[in-house]
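Below: data.txt (compact mmCIF, C-alpha atoms)
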```
# COMPACT_ATOMS: atom_id res chain seq x y z
CA MET B 1 152.13 78.84 203.82
CA THR B 2 152.80 79.16 207.55
CA GLY B 3 149.06 79.40 208.19
CA TYR B 4 148.45 76.32 206.05
CA LEU B 5 151.06 74.26 207.89
CA ALA B 6 149.79 75.51 211.26
CA ALA B 7 146.28 74.38 210.29
CA VAL B 8 147.61 70.96 209.19
CA ALA B 9 149.49 70.60 212.47
CA ALA B 10 146.41 71.59 214.50
CA LEU B 11 144.24 69.09 212.61
CA ALA B 12 146.73 66.21 212.95
CA ARG B 13 147.23 66.99 216.66
CA LYS B 14 143.44 66.95 217.10
CA ASP B 15 143.23 63.45 215.59
CA LEU B 16 145.98 62.15 217.87
CA ARG B 17 144.26 63.70 220.89
CA VAL B 18 140.86 62.23 219.94
CA GLU B 19 142.47 58.79 219.55
CA LEU B 20 144.32 59.12 222.84
CA ARG B 21 140.97 59.82 224.56
CA GLY B 22 138.77 57.31 222.77
CA ARG B 23 141.34 54.57 222.02
CA ASP B 24 139.00 53.37 219.29
CA THR B 25 141.47 52.74 216.47
CA LEU B 26 145.05 52.03 217.49
CA PRO B 27 144.46 49.14 219.93
CA ALA B 28 142.33 47.42 217.27
CA MET B 29 145.06 47.90 214.65
CA LEU B 30 147.76 46.54 216.98
CA LEU B 31 145.74 43.49 217.97
CA PHE B 32 144.70 42.82 214.39
CA VAL B 33 148.19 42.94 212.90
CA LEU B 34 149.62 40.75 215.67
CA ALA B 35 146.79 38.23 215.43
CA THR B 36 147.14 38.10 211.63
CA LEU B 37 150.86 37.40 211.81
CA VAL B 38 150.32 34.71 214.44
CA VAL B 39 147.64 33.05 212.28
CA PHE B 40 149.93 33.19 209.23
CA HIS B 41 152.75 31.73 211.34
CA PHE B 42 150.71 28.65 212.13
CA ALA B 43 149.03 28.46 208.71
CA LEU B 44 152.24 28.51 206.65
CA PRO B 45 154.20 25.24 206.25
CA ALA B 46 157.62 25.38 207.95
CA ASP B 47 159.55 24.61 204.74
CA VAL B 48 157.86 27.21 202.54
CA GLY B 49 160.81 29.66 202.47
CA ASP B 50 161.01 33.40 203.09
CA ASP B 51 159.49 34.84 199.89
CA PRO B 52 155.83 33.91 200.53
CA ALA B 53 156.18 35.25 204.06
CA TYR B 54 157.04 38.72 202.71
CA GLY B 55 153.81 38.62 200.73
CA LEU B 56 151.88 37.83 203.90
CA LEU B 57 153.50 40.79 205.67
CA TRP B 58 152.03 43.08 203.03
CA VAL B 59 148.61 41.45 203.29
CA ALA B 60 148.71 42.06 207.04
CA LEU B 61 149.81 45.69 206.66
CA VAL B 62 147.23 46.57 204.00
CA PHE B 63 144.32 45.09 205.96
CA THR B 64 145.54 46.67 209.21
CA SER B 65 145.62 50.05 207.50
CA LEU B 66 142.11 49.39 206.17
CA LEU B 67 140.94 48.87 209.74
CA GLY B 68 142.33 52.27 210.73
CA LEU B 69 141.03 54.05 207.64
CA ALA B 70 137.52 52.71 208.24
CA ARG B 71 137.45 54.69 211.49
CA ALA B 72 139.44 57.68 210.26
CA TRP B 73 136.47 60.01 209.72
CA VAL B 74 134.20 58.73 212.51
CA PRO B 75 135.00 61.69 214.84
CA GLU B 76 134.14 64.09 212.01
CA ARG B 77 130.82 62.33 211.31
CA GLU B 78 129.63 62.16 214.91
CA ALA B 79 128.55 65.75 215.47
CA GLY B 80 128.94 67.27 212.03
CA ALA B 81 132.50 68.36 212.83
CA LEU B 82 133.54 67.93 209.20
CA ASP B 83 131.12 70.73 208.22
CA GLY B 84 132.84 72.90 210.81
CA LEU B 85 136.22 72.18 209.23
CA VAL B 86 134.91 72.72 205.69
CA LEU B 87 133.54 76.15 206.69
CA ALA B 88 136.90 77.29 208.07
CA PRO B 89 138.86 79.65 205.80
CA THR B 90 141.88 77.36 205.58
CA ASP B 91 142.46 75.50 202.29
CA ARG B 92 140.36 72.32 202.44
CA SER B 93 143.30 70.17 201.41
CA ALA B 94 144.71 70.89 204.90
CA ILE B 95 141.91 68.67 206.28
CA TRP B 96 143.10 65.79 204.07
CA LEU B 97 146.77 66.37 204.89
CA GLY B 98 146.10 66.49 208.63
CA LYS B 99 144.13 63.25 208.41
CA THR B 100 146.88 61.64 206.29
CA ILE B 101 149.55 62.53 208.85
CA ALA B 102 147.45 61.20 211.74
CA SER B 103 146.66 57.97 209.84
CA LEU B 104 150.36 57.60 209.08
CA ALA B 105 151.18 57.95 212.79
CA PHE B 106 148.68 55.18 213.65
CA LEU B 107 149.98 52.89 210.91
CA ALA B 108 153.59 53.55 211.95
CA ALA B 109 152.69 52.59 215.53
CA ALA B 110 151.17 49.32 214.24
CA GLU B 111 154.30 48.68 212.17
CA VAL B 112 156.54 49.22 215.19
CA VAL B 113 154.81 46.17 216.65
CA ALA B 114 154.30 44.24 213.41
CA LEU B 115 157.81 44.35 211.96
CA PRO B 116 159.64 42.87 214.99
CA ALA B 117 156.89 40.25 215.19
CA PHE B 118 157.44 39.44 211.51
CA VAL B 119 161.19 39.07 212.05
CA LEU B 120 160.52 36.84 215.05
CA PHE B 121 158.04 34.57 213.26
CA PHE B 122 159.23 34.58 209.64
CA ALA B 123 162.28 36.25 208.11
CA PRO B 124 164.70 39.17 208.50
CA LEU B 125 163.96 42.59 207.00
CA ASP B 126 166.75 44.51 205.29
CA ALA B 127 167.02 48.24 204.68
CA ASN B 128 165.27 47.97 201.30
CA ALA B 129 162.30 46.21 202.82
CA LEU B 130 162.09 48.86 205.56
CA ALA B 131 162.31 51.65 202.97
CA GLY B 132 159.51 49.89 201.10
CA VAL B 133 157.37 49.85 204.24
CA VAL B 134 157.95 53.58 204.80
CA LEU B 135 157.12 54.55 201.20
CA ALA B 136 154.14 52.20 201.03
CA SER B 137 152.75 53.57 204.30
CA VAL B 138 152.81 57.10 202.90
CA GLY B 139 150.91 55.94 199.79
CA ILE B 140 148.41 53.91 201.79
CA CYS B 141 147.56 56.85 204.04
CA ALA B 142 147.49 59.47 201.26
CA VAL B 143 145.07 57.48 199.09
CA GLY B 144 143.28 55.94 202.05
CA SER B 145 142.44 59.28 203.66
CA LEU B 146 140.78 60.49 200.46
CA VAL B 147 138.94 57.25 199.77
CA SER B 148 137.75 56.89 203.36
CA ALA B 149 136.41 60.48 203.22
CA MET B 150 134.47 59.55 200.07
CA ALA B 151 133.17 56.40 201.74
CA ALA B 152 132.26 58.26 204.94
CA ALA B 153 129.95 60.55 202.95
CA SER B 154 127.98 57.59 201.58
CA ARG B 155 125.45 55.28 203.16
CA GLY B 156 127.31 52.07 202.26
CA ARG B 157 130.59 53.25 203.75
CA GLU B 158 131.61 49.87 205.23
CA VAL B 159 131.35 48.23 201.80
CA LEU B 160 132.54 51.13 199.68
CA LEU B 161 135.89 51.70 201.43
CA PRO B 162 137.44 48.26 200.73
CA LEU B 163 135.88 48.18 197.26
CA ILE B 164 137.68 51.40 196.27
CA PHE B 165 140.77 51.17 198.44
CA LEU B 166 141.94 47.61 197.80
CA PRO B 167 142.27 47.94 194.00
CA LEU B 168 144.19 51.20 194.54
CA ALA B 169 146.45 49.39 197.04
CA ILE B 170 147.51 46.68 194.54
CA PRO B 171 150.43 48.76 193.15
CA ILE B 172 151.54 49.40 196.74
CA VAL B 173 151.62 45.66 197.45
CA VAL B 174 153.51 45.03 194.19
CA GLY B 175 156.08 47.71 195.09
CA GLY B 176 156.34 46.61 198.70
CA VAL B 177 156.84 42.92 197.93
CA GLY B 178 159.26 43.81 195.12
CA SER B 179 161.37 45.96 197.45
CA SER B 180 161.52 43.03 199.90
CA ILE B 181 162.43 40.13 197.57
CA SER B 182 163.66 41.54 194.25
CA GLU B 183 167.33 41.60 193.30
CA GLU B 184 166.73 45.14 192.04
CA PRO B 185 164.85 46.74 194.92
CA ALA B 186 165.70 50.28 193.79
CA LYS B 187 163.29 49.96 190.86
CA PHE B 188 160.44 49.03 193.19
CA LEU B 189 161.32 51.76 195.67
CA ALA B 190 161.31 54.31 192.84
CA PHE B 191 157.93 52.94 191.74
CA LEU B 192 156.56 53.38 195.27
CA GLY B 193 157.98 56.93 195.41
CA LEU B 194 156.30 57.77 192.10
CA TYR B 195 153.01 56.24 193.29
CA ASP B 196 153.19 58.34 196.48
CA ALA B 197 153.87 61.55 194.56
CA VAL B 198 151.14 61.02 191.94
CA PHE B 199 148.42 59.91 194.35
CA ALA B 200 149.32 62.50 197.00
CA ILE B 201 148.91 65.29 194.42
CA LEU B 202 145.66 63.79 193.09
CA SER B 203 144.23 63.36 196.60
CA TRP B 204 145.34 66.84 197.65
CA ALA B 205 143.63 68.39 194.61
CA ALA B 206 140.48 66.23 194.72
CA PHE B 207 139.64 66.53 198.41
CA GLU B 208 137.76 69.83 197.99
CA TYR B 209 135.19 68.07 195.77
CA VAL B 210 134.76 65.17 198.16
CA VAL B 211 133.62 67.32 201.08
CA THR B 212 131.06 69.57 199.39
CA GLU B 213 127.56 68.43 198.38
CA MET R 1 128.04 100.60 196.13
CA ALA R 2 127.52 100.84 199.86
CA ASP R 3 123.99 99.46 199.74
CA ALA R 4 124.76 96.47 197.48
CA PRO R 5 123.08 93.38 198.92
CA LEU R 6 125.33 90.95 200.75
CA VAL R 7 123.32 87.91 199.66
CA VAL R 8 121.63 87.61 196.28
CA ALA R 9 119.62 84.51 195.35
CA ARG R 10 118.15 84.16 191.86
CA GLY R 11 115.94 81.22 190.92
CA VAL R 12 117.63 78.87 193.36
CA GLU R 13 116.64 75.25 193.06
CA ARG R 14 118.01 72.31 194.98
CA ARG R 15 117.25 68.68 194.26
CA TYR R 16 118.20 65.52 196.11
CA GLY R 17 117.79 62.89 193.42
CA ALA R 18 114.25 63.20 192.11
CA ARG R 19 113.10 65.18 195.14
CA ARG R 20 112.98 68.95 194.67
CA VAL R 21 113.50 70.70 198.00
CA LEU R 22 113.77 74.32 196.86
CA HIS R 23 112.33 75.74 193.68
CA GLY R 24 112.72 79.16 192.06
CA LEU R 25 113.80 80.92 195.22
CA SER R 26 114.86 84.57 194.83
CA PHE R 27 115.69 87.03 197.59
CA GLU R 28 118.27 89.54 198.77
CA VAL R 29 119.77 90.29 202.16
CA HIS R 30 121.44 93.66 202.76
CA ARG R 31 124.37 94.26 205.09
CA GLY R 32 123.22 94.67 208.66
CA GLY R 33 119.85 93.15 207.85
CA ALA R 34 118.21 90.15 209.46
CA LEU R 35 116.33 87.65 207.29
CA VAL R 36 114.03 85.30 209.16
CA VAL R 37 113.20 82.07 207.32
CA THR R 38 110.08 80.20 208.36
CA GLY R 39 108.27 77.16 207.04
CA PRO R 40 107.05 73.71 208.04
CA ASN R 41 109.31 70.69 208.45
CA GLY R 42 110.71 69.60 205.11
CA SER R 43 110.18 72.97 203.46
CA GLY R 44 113.91 73.38 202.79
CA LYS R 45 115.01 75.78 205.53
CA THR R 46 118.08 73.75 206.45
CA THR R 47 118.92 73.16 202.80
CA LEU R 48 118.73 76.89 202.11
CA LEU R 49 121.05 77.68 205.01
CA ARG R 50 123.55 75.03 203.88
CA LEU R 51 123.51 76.60 200.42
CA LEU R 52 124.10 80.02 201.98
CA VAL R 53 127.24 78.96 203.84
CA GLY R 54 128.60 76.93 200.93
CA LEU R 55 128.16 73.44 202.38
CA ALA R 56 126.02 72.63 199.36
CA VAL R 57 125.59 74.12 195.89
CA PRO R 58 122.31 74.90 194.07
CA SER R 59 121.15 72.43 191.44
CA ARG R 60 119.94 75.43 189.41
CA GLY R 61 120.02 79.22 189.77
CA THR R 62 122.62 81.34 191.54
CA LEU R 63 123.24 82.18 195.17
CA GLU R 64 125.96 84.77 195.71
CA VAL R 65 127.34 85.74 199.11
CA GLY R 66 129.67 88.72 199.02
CA LEU R 67 132.02 87.42 201.71
CA ASP R 68 134.84 84.93 202.09
CA ARG R 69 133.75 81.84 203.95
CA GLY R 70 136.00 82.83 206.84
CA ARG R 71 133.61 85.70 207.55
CA LEU R 72 130.59 83.41 207.91
CA GLY R 73 129.35 81.93 211.16
CA PHE R 74 127.02 78.92 211.09
CA VAL R 75 124.94 77.12 213.69
CA GLY R 76 123.31 74.06 212.20
CA HIS R 77 121.24 71.16 213.50
CA GLU R 78 124.47 69.55 214.66
CA PRO R 79 127.02 71.37 216.82
CA LEU R 80 129.93 70.93 214.35
CA VAL R 81 132.36 70.10 217.13
CA TYR R 82 134.32 67.04 218.31
CA ARG R 83 132.65 65.04 221.06
CA GLU R 84 135.92 63.60 222.38
CA LEU R 85 137.50 67.03 222.82
CA THR R 86 136.75 69.46 225.63
CA ALA R 87 134.93 72.74 225.03
CA LEU R 88 138.24 74.59 225.33
CA GLU R 89 140.05 72.24 222.92
CA ASN R 90 137.25 72.54 220.37
CA LEU R 91 137.27 76.33 220.44
CA ASP R 92 141.06 76.42 220.38
CA LEU R 93 141.10 74.19 217.26
CA PHE R 94 138.55 76.33 215.42
CA GLY R 95 140.23 79.52 216.65
CA ARG R 96 143.50 78.35 215.07
CA LEU R 97 141.76 77.41 211.80
CA TYR R 98 140.07 80.82 211.63
CA GLY R 99 143.24 82.66 212.68
CA VAL R 100 141.41 84.40 215.51
CA PRO R 101 143.61 87.13 217.04
CA GLU R 102 144.00 87.00 220.83
CA ARG R 103 142.39 83.59 220.65
CA ARG R 104 142.57 82.64 224.31
CA GLU R 105 140.99 85.87 225.52
CA ARG R 106 138.20 85.59 222.95
CA ILE R 107 137.52 81.95 223.86
CA GLY R 108 137.49 82.76 227.56
CA MET R 109 135.09 85.66 227.03
CA LEU R 110 132.64 83.52 224.99
CA LEU R 111 132.75 80.60 227.43
CA GLU R 112 132.02 83.02 230.27
CA ARG R 113 129.21 84.73 228.38
CA PHE R 114 127.47 81.46 227.48
CA GLY R 115 127.94 79.95 230.94
CA LEU R 116 130.38 77.24 229.94
CA TRP R 117 133.53 78.44 231.70
CA ASP R 118 133.20 75.97 234.57
CA ALA R 119 132.70 73.13 232.09
CA ARG R 120 135.54 74.21 229.78
CA ALA R 121 137.71 71.16 230.58
CA GLU R 122 134.90 68.62 230.18
CA ARG R 123 134.52 66.56 227.05
CA VAL R 124 131.59 67.54 224.85
CA SER R 125 130.36 63.92 225.03
CA ALA R 126 129.50 64.64 228.69
CA PHE R 127 127.56 67.83 227.83
CA SER R 128 123.78 68.08 227.84
CA ARG R 129 122.12 69.03 224.54
CA GLY R 130 121.65 72.59 225.74
CA MET R 131 125.31 72.93 226.73
CA THR R 132 126.34 71.53 223.36
CA GLN R 133 124.13 74.10 221.62
CA ARG R 134 125.74 76.88 223.69
CA LEU R 135 129.16 75.60 222.59
CA ALA R 136 127.97 75.58 218.97
CA LEU R 137 127.04 79.25 219.38
CA CYS R 138 130.48 80.00 220.86
CA ARG R 139 132.11 78.28 217.85
CA ALA R 140 129.98 80.23 215.39
CA LEU R 141 130.72 83.59 217.07
CA LEU R 142 134.41 82.91 217.76
CA HIS R 143 135.74 84.76 214.71
CA GLU R 144 133.21 87.63 214.92
CA PRO R 145 131.47 86.76 211.63
CA GLU R 146 129.98 89.39 209.36
CA LEU R 147 127.21 87.01 208.29
CA LEU R 148 125.69 84.78 210.95
CA VAL R 149 123.53 81.90 209.70
CA LEU R 150 121.48 80.15 212.37
CA ASP R 151 119.31 77.08 211.94
CA GLU R 152 116.75 76.93 214.76
CA PRO R 153 119.28 78.30 217.25
CA HIS R 154 116.88 78.32 220.22
CA SER R 155 116.29 74.58 220.04
CA ALA R 156 117.62 72.69 223.05
CA LEU R 157 118.35 75.89 224.96
CA ASP R 158 116.77 76.44 228.36
CA ALA R 159 115.23 79.82 229.23
CA GLN R 160 118.56 81.24 230.40
CA GLY R 161 120.41 80.01 227.31
CA ALA R 162 117.71 81.36 225.00
CA ALA R 163 117.85 84.73 226.77
CA LEU R 164 121.63 84.81 226.34
CA LEU R 165 121.22 84.09 222.63
CA ASP R 166 118.55 86.80 222.26
CA GLN R 167 120.87 89.27 223.99
CA GLU R 168 123.75 88.29 221.69
CA LEU R 169 121.57 88.68 218.59
CA ASP R 170 120.34 92.08 219.80
CA GLU R 171 123.97 93.21 220.14
CA LEU R 172 124.85 91.91 216.68
CA ALA R 173 121.77 93.36 214.97
CA GLY R 174 122.59 96.23 212.67
CA THR R 175 126.33 95.48 212.58
CA SER R 176 126.38 91.82 211.52
CA THR R 177 124.03 90.38 208.93
CA ILE R 178 121.86 87.60 210.28
CA VAL R 179 119.90 84.82 208.57
CA VAL R 180 117.89 82.72 210.97
CA ALA R 181 115.56 79.80 210.33
CA THR R 182 113.11 79.27 213.13
CA HIS R 183 109.87 77.70 214.26
CA GLU R 184 109.59 80.45 216.89
CA PRO R 185 109.19 83.62 214.80
CA ASP R 186 108.02 85.62 217.83
CA ARG R 187 111.49 85.27 219.37
CA VAL R 188 113.20 87.04 216.48
CA ASP R 189 110.34 89.33 215.47
CA ALA R 190 112.07 92.48 216.78
CA LEU R 191 115.25 91.55 214.97
CA ALA R 192 113.79 90.84 211.54
CA THR R 193 114.23 93.25 208.66
CA SER R 194 112.80 90.79 206.14
CA TRP R 195 110.95 87.46 206.12
CA LEU R 196 111.04 84.46 203.85
CA ALA R 197 108.24 81.92 204.22
CA LEU R 198 108.95 78.59 202.57
CA GLY R 199 106.08 76.32 201.64
CA ALA R 200 105.95 72.54 201.97
CA ALA R 201 108.21 70.91 199.38
```
Would you put the structure from the file into C-alpha cells?
Amino acid sequence: MTGYLAAVAALARKDLRVELRGRDTLPAMLLFVLATLVVFHFALPADVGDDPAYGLLWVALVFTSLLGLARAWVPEREAGALDGLVLAPTDRSAIWLGKTIASLAFLAAAEVVALPAFVLFFAPLDANALAGVVLASVGICAVGSLVSAMAAASRGREVLLPLIFLPLAIPIVVGGVGSSISEEPAKFLAFLGLYDAVFAILSWAAFEYVVTE
Amino acid sequence: MADAPLVVARGVERRYGARRVLHGLSFEVHRGGALVVTGPNGSGKTTLLRLLVGLAVPSRGTLEVGLDRGRLGFVGHEPLVYRELTALENLDLFGRLYGVPERRERIGMLLERFGLWDARAERVSAFSRGMTQRLALCRALLHEPELLVLDEPHSALDAQGAALLDQELDELAGTSTIVVATHEPDRVDALATSWLALGAA
C-alpha cells in the first residue's frame, strides 16, 4: 500500500511539475472561467434573480474542467511516456489516481479564482454550495481522467472527450445546482458523494483496460 | 526446470482491423539468450516487441513471458519519457515507480556511462535525438531488467553512443535475456543466439 501511494504521489507531483514548466493548462483554465463569468454577467438581465446564476456557475465550471481534461494526457502522448508508465510494475490504477489528483489541483486553482468572481458578479455562496463544488470537483476529475485517457488513445480525441464526458457530467450539474439552490441540500450532497464513490471505483477498476491495446 | 524457456510464442497472430501484421508466429527464447528479429519495414517487428512487453495482446495464439513486467526493460521507437522534465527528473520518476534500490547512485552511474551527466538538469525537449535515445536506454536499464527488449536501439545514436550500447549489450549478454529488432544485423551478430526473420506483412 505504501508503494502504491508513493507511486501515486510521484505521478501527481510529475504532472504538477510538467504544468509548472509548460504552463499549458492552468492559465487557459483561469482565463476561460473568468471570461465565461464576465460574459454571463453581461448576458444575464439584471432582474433575473440568483437561481439562474447558480446554474451558470456550474456551466462555467464543467466547461473549464473540460478544457483541462482535454490537455490532461498530452504530456503522456508526446514521447510515448504513457507506455513507460504502463510498463512499470506499479498497479496501473495508480496512473489514473495520480492524474485525477493533479486534475483536481488544477480545477481547484481555477475555482479559487472563479468562486470569488461569481460572488462579486452574481450571488453569495453558502457552505452547502461550497461543499457541492468540492464533491462535484472530485467526481469531474475522477470520471474525466478516465474518459480523457480513452479519448487520448483515439484519433478523434477532440470530439470524443466532450461527447463522452458531458453526458456523464449531467448528474454532477444536477447535484451541484441542487446543493446551491435546494431547500434540502443534504440530499443533493449525498447524491454527489454517491456519484463520486461509484464512478471513482468504476474508473479505478476500468483504467487497466483503457491503457492496453 | 532450469532450462525452461523464458519466452514461449505459439501461433501468435496480431491484427489491426482487417490488416494482419503477424501470422502464426512460434518461437522460444531461453534465459540468457539473445533473439535478433529482422525484417523489412511493416513486417511486424515493432508489433512483436510490443506484444512481448505486454503493451499489446495477441489477436490469436499465446505469448508467455515468464517474468513480472517489472523485470522487463523496453526501448521502443519513442523514448517513453516526459519532454518537459529533465533527464534526472525522468529517471527519478521511473526509479520510484520501479522501486529501484539506491536510486540516486544507479541514476548517476547510468547518466555517467551514457554521457548524459552534464546534461542531467536539462529538459528532454532540448535534447538532440541521439541524447534522447541515450536517455531511453538509461530508463530501460535503470531497474536492471532480466529481459531487455530493444526496437532498433542503434537508431539516432552517433558512433560513440552506438559503441556504448554495444559495450552495454556485451556486458549483459549471457546474464540478461535480450530481444532486439534491428535493420543492422551485423551490429548484434556476435550477441545473437537465435534469429527470427519476419517477412513482409
* Asked: Hey, what's within 10 Å of Ala126 of chain R if we count all atoms listed in the file and toss same-chain stuff fewer than 4 positions away? As a list in words, please?
  -> Arg83, Glu84, Thr86, Ala119, Glu122, Met131 and Thr132 of chain R
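Using only C-alpha atoms for every distance, the candidate list R:Pro5, R:Gly130, R:Gly99, R:Gly44 yields R:Pro5 as the residue closest to Val65 of chain R.
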* To do: Specify as a PyMOL selection string all residues of chain B found within 12 Å of chain R, counting only C-alpha atoms.
  => chain B and resi 2-24+73-92+94-95+208-213
* Asked: Could you state the separation of atom CA of Leu37 of chain B and atom CA of Ser179 of chain B in Å, given to one decimal place?
  -> 19.7 Å
Got a sec to check which residues sit within 9 Å of (155.6, 39.7, 201.7), counting only C-alpha atoms, and write them as a PDB file with C-alpha atoms, keeping the file's coordinate frame?
```pdb
ATOM      1  CA  ASP B  50     161.010  33.400 203.090  1.00  0.00           C
ATOM      2  CA  ASP B  51     159.490  34.840 199.890  1.00  0.00           C
ATOM      3  CA  PRO B  52     155.830  33.910 200.530  1.00  0.00           C
ATOM      4  CA  ALA B  53     156.180  35.250 204.060  1.00  0.00           C
ATOM      5  CA  TYR B  54     157.040  38.720 202.710  1.00  0.00           C
ATOM      6  CA  GLY B  55     153.810  38.620 200.730  1.00  0.00           C
ATOM      7  CA  LEU B  56     151.880  37.830 203.900  1.00  0.00           C
ATOM      8  CA  LEU B  57     153.500  40.790 205.670  1.00  0.00           C
ATOM      9  CA  TRP B  58     152.030  43.080 203.030  1.00  0.00           C
ATOM     10  CA  VAL B  59     148.610  41.450 203.290  1.00  0.00           C
ATOM     11  CA  VAL B 173     151.620  45.660 197.450  1.00  0.00           C
ATOM     12  CA  GLY B 176     156.340  46.610 198.700  1.00  0.00           C
ATOM     13  CA  VAL B 177     156.840  42.920 197.930  1.00  0.00           C
ATOM     14  CA  GLY B 178     159.260  43.810 195.120  1.00  0.00           C
ATOM     15  CA  SER B 180     161.520  43.030 199.900  1.00  0.00           C
ATOM     16  CA  ILE B 181     162.430  40.130 197.570  1.00  0.00           C
TER      17      ILE B 181
END
```
* **Atom-to-atom span, atom CA of Thr64 of chain B and atom CA of Ser154 of chain B, Å** =>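 Computing it gives 22.0 Å between the two atoms.
Among the candidate residues B:Leu97, B:Val62, B:Val113, B:Ile201, the one lying nearest to Pro162 of chain B is B:Val62, with distances computed using only C-alpha atoms.
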Can you give me N, CA and C atoms for segment 167-189 of chain R, written as a PDB file, in the frame of the given file?
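Below is the file part-v4.pdb, written as the result:
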```pdb
ATOM      1  N   GLN R 167     120.041  88.106 223.651  1.00  0.00           N
ATOM      2  CA  GLN R 167     120.870  89.270 223.990  1.00  0.00           C
ATOM      3  C   GLN R 167     122.024  89.409 222.982  1.00  0.00           C
ATOM      4  N   GLU R 168     122.640  88.277 222.646  1.00  0.00           N
ATOM      5  CA  GLU R 168     123.750  88.290 221.690  1.00  0.00           C
ATOM      6  C   GLU R 168     123.279  88.781 220.322  1.00  0.00           C
ATOM      7  N   LEU R 169     122.104  88.291 219.898  1.00  0.00           N
ATOM      8  CA  LEU R 169     121.570  88.680 218.590  1.00  0.00           C
ATOM      9  C   LEU R 169     121.203  90.160 218.583  1.00  0.00           C
ATOM     10  N   ASP R 170     120.666  90.648 219.706  1.00  0.00           N
ATOM     11  CA  ASP R 170     120.340  92.080 219.800  1.00  0.00           C
ATOM     12  C   ASP R 170     121.599  92.929 219.628  1.00  0.00           C
ATOM     13  N   GLU R 171     122.710  92.461 220.238  1.00  0.00           N
ATOM     14  CA  GLU R 171     123.970  93.210 220.140  1.00  0.00           C
ATOM     15  C   GLU R 171     124.523  93.184 218.715  1.00  0.00           C
ATOM     16  N   LEU R 172     124.302  92.053 218.029  1.00  0.00           N
ATOM     17  CA  LEU R 172     124.850  91.910 216.680  1.00  0.00           C
ATOM     18  C   LEU R 172     123.989  92.624 215.632  1.00  0.00           C
ATOM     19  N   ALA R 173     122.705  92.783 215.947  1.00  0.00           N
ATOM     20  CA  ALA R 173     121.770  93.360 214.970  1.00  0.00           C
ATOM     21  C   ALA R 173     122.244  94.737 214.524  1.00  0.00           C
ATOM     22  N   GLY R 174     122.198  94.938 213.221  1.00  0.00           N
ATOM     23  CA  GLY R 174     122.590  96.230 212.670  1.00  0.00           C
ATOM     24  C   GLY R 174     124.056  96.272 212.261  1.00  0.00           C
ATOM     25  N   THR R 175     124.909  95.512 212.975  1.00  0.00           N
ATOM     26  CA  THR R 175     126.330  95.480 212.580  1.00  0.00           C
ATOM     27  C   THR R 175     126.611  94.222 211.759  1.00  0.00           C
ATOM     28  N   SER R 176     126.252  93.063 212.295  1.00  0.00           N
ATOM     29  CA  SER R 176     126.380  91.820 211.520  1.00  0.00           C
ATOM     30  C   SER R 176     125.085  91.574 210.752  1.00  0.00           C
ATOM     31  N   THR R 177     125.213  90.810 209.671  1.00  0.00           N
ATOM     32  CA  THR R 177     124.030  90.380 208.930  1.00  0.00           C
ATOM     33  C   THR R 177     123.625  89.016 209.471  1.00  0.00           C
ATOM     34  N   ILE R 178     122.326  88.830 209.643  1.00  0.00           N
ATOM     35  CA  ILE R 178     121.860  87.600 210.280  1.00  0.00           C
ATOM     36  C   ILE R 178     120.808  86.933 209.392  1.00  0.00           C
ATOM     37  N   VAL R 179     120.950  85.616 209.208  1.00  0.00           N
ATOM     38  CA  VAL R 179     119.900  84.820 208.570  1.00  0.00           C
ATOM     39  C   VAL R 179     119.533  83.741 209.567  1.00  0.00           C
ATOM     40  N   VAL R 180     118.287  83.684 209.952  1.00  0.00           N
ATOM     41  CA  VAL R 180     117.890  82.720 210.970  1.00  0.00           C
ATOM     42  C   VAL R 180     116.637  81.963 210.523  1.00  0.00           C
ATOM     43  N   ALA R 181     116.728  80.640 210.581  1.00  0.00           N
ATOM     44  CA  ALA R 181     115.560  79.800 210.330  1.00  0.00           C
ATOM     45  C   ALA R 181     114.976  79.402 211.671  1.00  0.00           C
ATOM     46  N   THR R 182     113.679  79.531 211.807  1.00  0.00           N
ATOM     47  CA  THR R 182     113.110  79.270 213.130  1.00  0.00           C
ATOM     48  C   THR R 182     111.661  78.793 213.036  1.00  0.00           C
ATOM     49  N   HIS R 183     111.287  78.039 214.059  1.00  0.00           N
ATOM     50  CA  HIS R 183     109.870  77.700 214.260  1.00  0.00           C
ATOM     51  C   HIS R 183     109.253  78.605 215.325  1.00  0.00           C
ATOM     52  N   GLU R 184     110.070  79.524 215.858  1.00  0.00           N
ATOM     53  CA  GLU R 184     109.590  80.450 216.890  1.00  0.00           C
ATOM     54  C   GLU R 184     109.770  81.891 216.391  1.00  0.00           C
ATOM     55  N   PRO R 185     108.986  82.292 215.377  1.00  0.00           N
ATOM     56  CA  PRO R 185     109.190  83.620 214.800  1.00  0.00           C
ATOM     57  C   PRO R 185     109.025  84.756 215.794  1.00  0.00           C
ATOM     58  N   ASP R 186     108.226  84.554 216.836  1.00  0.00           N
ATOM     59  CA  ASP R 186     108.020  85.620 217.830  1.00  0.00           C
ATOM     60  C   ASP R 186     109.333  86.008 218.507  1.00  0.00           C
ATOM     61  N   ARG R 187     110.227  85.017 218.666  1.00  0.00           N
ATOM     62  CA  ARG R 187     111.490  85.270 219.370  1.00  0.00           C
ATOM     63  C   ARG R 187     112.387  86.236 218.614  1.00  0.00           C
ATOM     64  N   VAL R 188     112.285  86.214 217.288  1.00  0.00           N
ATOM     65  CA  VAL R 188     113.200  87.040 216.480  1.00  0.00           C
ATOM     66  C   VAL R 188     112.445  88.155 215.744  1.00  0.00           C
ATOM     67  N   ASP R 189     111.188  88.357 216.143  1.00  0.00           N
ATOM     68  CA  ASP R 189     110.340  89.330 215.470  1.00  0.00           C
ATOM     69  C   ASP R 189     110.957  90.736 215.475  1.00  0.00           C
TER      70      ASP R 189
END
```
